[in-house]
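A.B. asks: Mind having a look at this structure? Questions to follow.
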Amino acid sequence: MRTPVVAALVLLLLVVPAFADDAESDLDAEISRLEEVLVTPARGPRSITDQTHTAAVVHRDDLSGAGAGRSVQDILDKMPTIQMQKTAHGQGSPYIRGLTGFRNLTLIDGIRLNNSTWRSGPNQYLATVDSFSLSRTEVVFGPGSVLYGSDSMGGTINMIPLSPDRTDEGYRWGGRFLLRAASAERSGIFRAEAQGGAQDLGFLVGLTRKSFGDMHDGEGELPCTGYEEWDGDARFLWHASSKVTFTFGLQHVMQDEVPRTHKTEHAISWEDTTVGSELIREFDHRRTLVYVRGDFVEPFSFAESMSATLSFHNQFEERYRVKSSGSGDLQSVDVNTIGLLVDVVSDIDVGTLTYGLDAYLDFVDSSKEKFDSTGAVTDVAIQGPVADDSEYLMLGLYVQGEIPIVEHLTLVAGLRANYVSVDVGKMEDPATGQPTGFDDSWAALCGSLRLLYDGLDPVSLYGGVSQGFRAPNLSDLTRLDSARTNEFEVPSPGLDPETMVSFEVGSRYWFTGGWLNLALFDSEMSDMIMRVPTGDVNADGESIITKENVGDGYVRGIEFTGDVGLGAGFAVFGGGTWLTGRADTYPTSAPVVEEEYLDRLPPLMANLGVRWTHESGIFAMGRIRTAGEADRLSTRDEGDTSRIPPGGTPGYVVFDLEARFPVSEIATATVGIENLFDEDYRVHGSGTNMPGRNFYFVLEVAF
């Protein structure tokens, strides 16, 4: 399976330069791309050519049918250097440079989606953001802790919502309806949107309804994989003056009975994976984000601009589980987060300073009750999956300077002071089983030193060294819940932060009609917080594990992406990544440290596609998605038998076709086929297979 992966990358390298000089008809579009502004890499607007990090962006317009994918996971799946794991079809987690879960930071309009209860490994929280409410999704690869604080180690994802259009005079009104249906997904999605306003005021409100039935893979139906979802969003803008703008944002999502099927008897064995024994394991999610932001131009004599954001974020999850005996439990986590962000930009004699502060305070309630086969409650636990009645505070002060050193050479240097504290109100003592509590705190400095050289037109070089930082969260310190296959995690007080030092060099090659990007990185991790076996077994026969600062690790790799116009409306696009990584761990309960592969280490991956766009609005695309065999396994991978087949996850090659065309002046239709040849495949580490041959149809009406 490595052969098609390498072939796809080589084909892209050979085809792109050969046609570059014939792409002048696409020059205007590419000039627009060169001037595109990203906000995440520098925590402020910068042209994509001025970034000192590897970064990528997917726009709503880049996705057929204005974001026709069923979820944010599908948006990130368009990026060839990200592996999109799916524990279930409503639960997915991206792997960025080999890391996932709480080692990647996820933002909504700059506000943290991560909270102190996020667990290690894949989690489901990205699925609680409605992809149809987003205008674009930006990804910064590598540590971003200087600008964004704890958790930003593998990468940072910033999902930016839709915003109302602005008019210089009079009133404006408009709307959009979108209908999407897909065969193998057994899905139906409807989105209604309205926007309007006057010269200084604007609003946009949207409502999305999603219904997913039992999915079909390349072999047949996957029972108990469907769920229901409602999403609502609103955004109001007030241009109070030429120098002051206020934004009010609202998001709300409700997901009902999202199954985690691989833990249940309804799972289908694939390549000799094991089948769970539980009768039911389902999640309900409720998430509400409310925030107000003020953007100010020249608010003070020393500041060119300032932004201040106040947010309230509620994330609630409830898990309902019924064991094979008929008994079970109902557990929940309710997190209320208050956030404050302040960003200031000042011009100084030698360059530009960006500086500010951020603060997040989590209030966490967590509960669990057990019931017997008749449904009668038999026990109310001391805590749920994390400690109950707890608080978690994160504070950060940062400064980053952008300083031209000589012509064409720019230095970007940053520093952050981090302070994190935890107050655990009620936790089950792992030794005595009695209620207990504790408090702890951590402080750390982290820095970044990066360079950009653009004197080799049309090639620019970038890179440097950046530090990552992650403080132990409530899930690390107090988790009391099932983990991977046949594992149960118990609390681990007394942990220290884990850190990373990442070295990166990259080049961007911009030419008439397209671009190429190549990056190499080496990330060295210290004091990694890893799950380790204790040697004990609980009443359900699960191995008891805990967490420790085991030791060191690394992840190294290469990433390549490109998008090149060939003329006459044709373009090729794609990329790929290869990485390796190892970490110290305790593979057994014996106190012996061994170096093993990182858990769920992604295989060699590549995407290659060709698209054609006509001035009439007609669009066509063909794409190959491929991955090699994922056979570099850790001891815990080998034990995760319900998700990873013996010996590793087989590689795959998948073909997609798509076409979009105008139906009328206000309507556009998209038709497509994913997995054309009905490949029966699974992304490494996932708890379920991907859809088989999937016909989909999207109708969008905008007025």
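Chain labels run A, B, ... following the order of the structure tokens; each chain numbers its residues from 1, and ligands are numbered from 1 in the order shown.
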Using only C-alpha atoms, which protein or nucleic acid residues come within 10 Å of stretch 53-56 of chain A? Drop anything in the same chain fewer than 2 positions from it, and give the result as a ChimeraX atom specification.
C.D. replies: /A:38,40-42,48,50-51,58,79,81,137-144,155-157,450-452,462-464,466,504-508,517-520,559,561
A.B. asks: Where does DSSP see strand (DSSP E) in stretch 457-525 of chain A, if you list the residues as an MDAnalysis selection string?
C.D. replies: chainID A and resid 459:470 481:482 487:489 498:511 514:525
A.B. asks: May I have the residues within 7 Å of A:Gly514 as JSON, numbers by chain, using only C-alpha atoms and disregarding those fewer than 3 positions away in the same chain?
C.D. replies: {"A": [30, 510, 511, 563, 564, 565]}
A.B. asks: Find the residue from A:Ser211, A:Ser133, A:Thr245, A:Ser183 that sits nearest to A:Glu257; use only C-alpha atoms when measuring.
C.D. replies: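 Ranked by minimum distance to A:Glu257, first place goes to A:Ser211.
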A.B. asks: Please report the interatomic distance between atom CA of A:Tyr681 and atom CA of A:Val653 in Å with one decimal.
C.D. replies: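 Atom CA of A:Val653 lies at a distance of 8.8 Å from atom CA of A:Tyr681.
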A.B. asks: Of the candidates A:Ser187, A:Thr337, A:Ser543, A:Gln315, which one gets nearest to A:Tyr291 if we count only C-alpha atoms?
C.D. replies: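 Looking at the shortest contact to A:Tyr291, the residue is A:Thr337.
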A.B. asks: Using only C-alpha atoms, which of the listed residues (A:Leu178, A:Leu222, A:Leu495, A:Met153) sits closest to A:Lys547?
C.D. replies: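 Smallest separation from A:Lys547 among the options: A:Leu495.
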A.B. asks: Mind pulling up the distance from atom CA of A:Thr534 to atom CA of A:Pro591?
C.D. replies: 9.8 Å
A.B. asks: Excluding same-chain residues fewer than 5 positions from A:Arg191, what lies within 7 Å of it counting only C-alpha atoms, as a ChimeraX atom specification?
C.D. replies: /A:177-179,207-209
A.B. asks: Could you check which of A:Ser332, A:Ser367, A:Ser589, A:Ser301 is closest to A:Ile348, using only C-alpha atoms?
C.D. replies: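 Answer, going by the shortest atom-to-atom distance: A:Ser301.
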A.B. asks: When DSSP is applied to the backbone of this structure, which of stretch 84-144 of chain A are assigned helix (DSSP H, G or I)? Write them out as a list of chain:residue names.
C.D. replies: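 Helix (DSSP H, G or I) assignments inside stretch 84-144 of chain A correspond to A:Gly101, A:Phe102, A:Arg103, A:Tyr125, A:Leu126, A:Ala127, A:Thr128, A:Ser131, A:Phe132, A:Ser133.
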A.B. asks: Residues of stretch 379-485 of chain A that approach stretch 319-329 of chain A to 12 Å or less, counting only C-alpha atoms: could you list each one with the shortest pair of atoms and its distance in Å to one decimal, rows by chain and increasing residue number, as CSV?
C.D. replies:
residue,atom,partner,partner_atom,distance
A:Asp379,CA,A:Asp329,CA,9.2
A:Val380,CA,A:Asp329,CA,9.6
A:Ala381,CA,A:Asp329,CA,10.0
A:Gly384,CA,A:Arg319,CA,10.2
A:Pro385,CA,A:Arg319,CA,9.8
A:Asp481,CA,A:Arg319,CA,11.1
A:Ser482,CA,A:Arg321,CA,11.3
